[in-house]
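Q: I'd like to ask some things about the structure below.
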Amino acid sequence: MRTRPLLLDATLIVVSLLDVWVHVDTEERGRLACALLAAVSLTLRRRLPWLTFLLALPATLACALICRRRLKKHRS
C-alpha cells in the first residue's frame with residue numbers, strides 16, 4: 001500500500017520537470033532555477049509540507065508576475 005503515494009509523488013515530479021523543460025527558456029537562469037527548485041521541492045511534499053510551500057513560493061510568484069506583465073503588455 002505504501003507504493004501508491006510514492007508513485008504519485010514520482011509522477012508529480014516527472015510532470016513538473018517536463019513542464020519546466022517545455023515552458024522555461026534555458027537562457028533565463030533565474031526563472032529556470034526557480035522552476036527547477038519548485039519541481040524538486042515536491043520530493044519533500046509529504047514529510048515537510050511547510051518547507052515545500054516555501055520552496056515553491058518563488059516559482060509561483062515569478063509565474064504570477066510574468067502573467068501580469070504579459071497581460072499588461074497585451075492590453076497596451
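Labeling convention for the C-alpha cells: chains A, B, ... as they appear, residues from 1 per chain, ligands from 1 in order of appearance.
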Pick out each residue of chain A that DSSP on the backbone tags as alpha helix (DSSP H); I need them as a PDB file with C-alpha atoms, in the first residue's frame.
A:
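The resulting file, result-v6.pdb, is shown below:
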ATOM      1  CA  THR A   3       3.988   2.293  -3.169  1.00  0.00           C
ATOM      2  CA  ARG A   4       0.908   4.239  -4.264  1.00  0.00           C
ATOM      3  CA  PRO A   5       1.899   7.553  -2.571  1.00  0.00           C
ATOM      4  CA  LEU A   6       5.474   7.152  -3.781  1.00  0.00           C
ATOM      5  CA  LEU A   7       4.269   6.533  -7.319  1.00  0.00           C
ATOM      6  CA  LEU A   8       2.057   9.611  -7.100  1.00  0.00           C
ATOM      7  CA  ASP A   9       4.975  11.717  -5.870  1.00  0.00           C
ATOM      8  CA  ALA A  10       7.243  10.420  -8.634  1.00  0.00           C
ATOM      9  CA  THR A  11       4.576  11.158 -11.241  1.00  0.00           C
ATOM     10  CA  LEU A  12       4.112  14.715  -9.940  1.00  0.00           C
ATOM     11  CA  ILE A  13       7.841  15.347 -10.039  1.00  0.00           C
ATOM     12  CA  VAL A  14       8.211  13.987 -13.575  1.00  0.00           C
ATOM     13  CA  VAL A  15       5.265  16.049 -14.812  1.00  0.00           C
ATOM     14  CA  SER A  16       6.593  19.215 -13.192  1.00  0.00           C
ATOM     15  CA  LEU A  17      10.079  18.659 -14.649  1.00  0.00           C
ATOM     16  CA  LEU A  18       8.526  18.117 -18.081  1.00  0.00           C
ATOM     17  CA  ASP A  19       6.635  21.367 -17.626  1.00  0.00           C
ATOM     18  CA  VAL A  20       9.879  23.156 -16.793  1.00  0.00           C
ATOM     19  CA  TRP A  21      11.559  21.630 -19.839  1.00  0.00           C
ATOM     20  CA  VAL A  22       8.739  22.713 -22.178  1.00  0.00           C
ATOM     21  CA  HIS A  23       7.885  26.167 -20.844  1.00  0.00           C
ATOM     22  CA  ARG A  29      18.886  31.323 -15.456  1.00  0.00           C
ATOM     23  CA  GLY A  30      16.775  32.861 -12.663  1.00  0.00           C
ATOM     24  CA  ARG A  31      13.464  31.585 -13.984  1.00  0.00           C
ATOM     25  CA  LEU A  32      14.965  28.186 -14.708  1.00  0.00           C
ATOM     26  CA  ALA A  33      16.386  27.930 -11.188  1.00  0.00           C
ATOM     27  CA  CYS A  34      13.051  28.901  -9.592  1.00  0.00           C
ATOM     28  CA  ALA A  35      11.138  26.406 -11.716  1.00  0.00           C
ATOM     29  CA  LEU A  36      13.592  23.579 -11.001  1.00  0.00           C
ATOM     30  CA  LEU A  37      13.564  24.379  -7.287  1.00  0.00           C
ATOM     31  CA  ALA A  38       9.770  24.202  -7.250  1.00  0.00           C
ATOM     32  CA  ALA A  39       9.788  20.901  -9.135  1.00  0.00           C
ATOM     33  CA  VAL A  40      12.399  19.295  -6.902  1.00  0.00           C
ATOM     34  CA  PRO A  49       4.850  20.488   3.803  1.00  0.00           C
ATOM     35  CA  TRP A  50       5.782  23.983   5.030  1.00  0.00           C
ATOM     36  CA  LEU A  51       9.272  23.762   3.599  1.00  0.00           C
ATOM     37  CA  THR A  52       7.784  22.591   0.303  1.00  0.00           C
ATOM     38  CA  PHE A  53       5.463  25.571   0.303  1.00  0.00           C
ATOM     39  CA  LEU A  54       8.324  27.975   0.994  1.00  0.00           C
ATOM     40  CA  LEU A  55      10.483  26.443  -1.743  1.00  0.00           C
ATOM     41  CA  ALA A  56       7.669  26.527  -4.306  1.00  0.00           C
ATOM     42  CA  LEU A  57       6.606  30.076  -3.450  1.00  0.00           C
ATOM     43  CA  PRO A  58       9.270  31.910  -5.532  1.00  0.00           C
ATOM     44  CA  ALA A  59       8.253  29.983  -8.643  1.00  0.00           C
ATOM     45  CA  THR A  60       4.601  30.771  -8.031  1.00  0.00           C
ATOM     46  CA  LEU A  61       5.325  34.457  -7.597  1.00  0.00           C
ATOM     47  CA  ALA A  62       7.522  34.506 -10.696  1.00  0.00           C
ATOM     48  CA  CYS A  63       4.745  32.896 -12.752  1.00  0.00           C
ATOM     49  CA  ALA A  64       2.223  35.409 -11.462  1.00  0.00           C
ATOM     50  CA  LEU A  65       4.477  38.350 -12.306  1.00  0.00           C
ATOM     51  CA  ILE A  66       5.194  37.004 -15.778  1.00  0.00           C
ATOM     52  CA  CYS A  67       1.470  36.511 -16.468  1.00  0.00           C
ATOM     53  CA  ARG A  68       0.724  40.009 -15.220  1.00  0.00           C
ATOM     54  CA  ARG A  69       3.448  41.519 -17.397  1.00  0.00           C
ATOM     55  CA  ARG A  70       2.177  39.672 -20.479  1.00  0.00           C
ATOM     56  CA  LEU A  71      -1.417  40.771 -19.859  1.00  0.00           C
ATOM     57  CA  LYS A  72      -0.330  44.368 -19.341  1.00  0.00           C
ATOM     58  CA  LYS A  73       1.800  44.282 -22.489  1.00  0.00           C
ATOM     59  CA  HIS A  74      -1.034  42.702 -24.474  1.00  0.00           C
ATOM     60  CA  ARG A  75      -3.539  45.376 -23.380  1.00  0.00           C
TER      61      ARG A  75
END
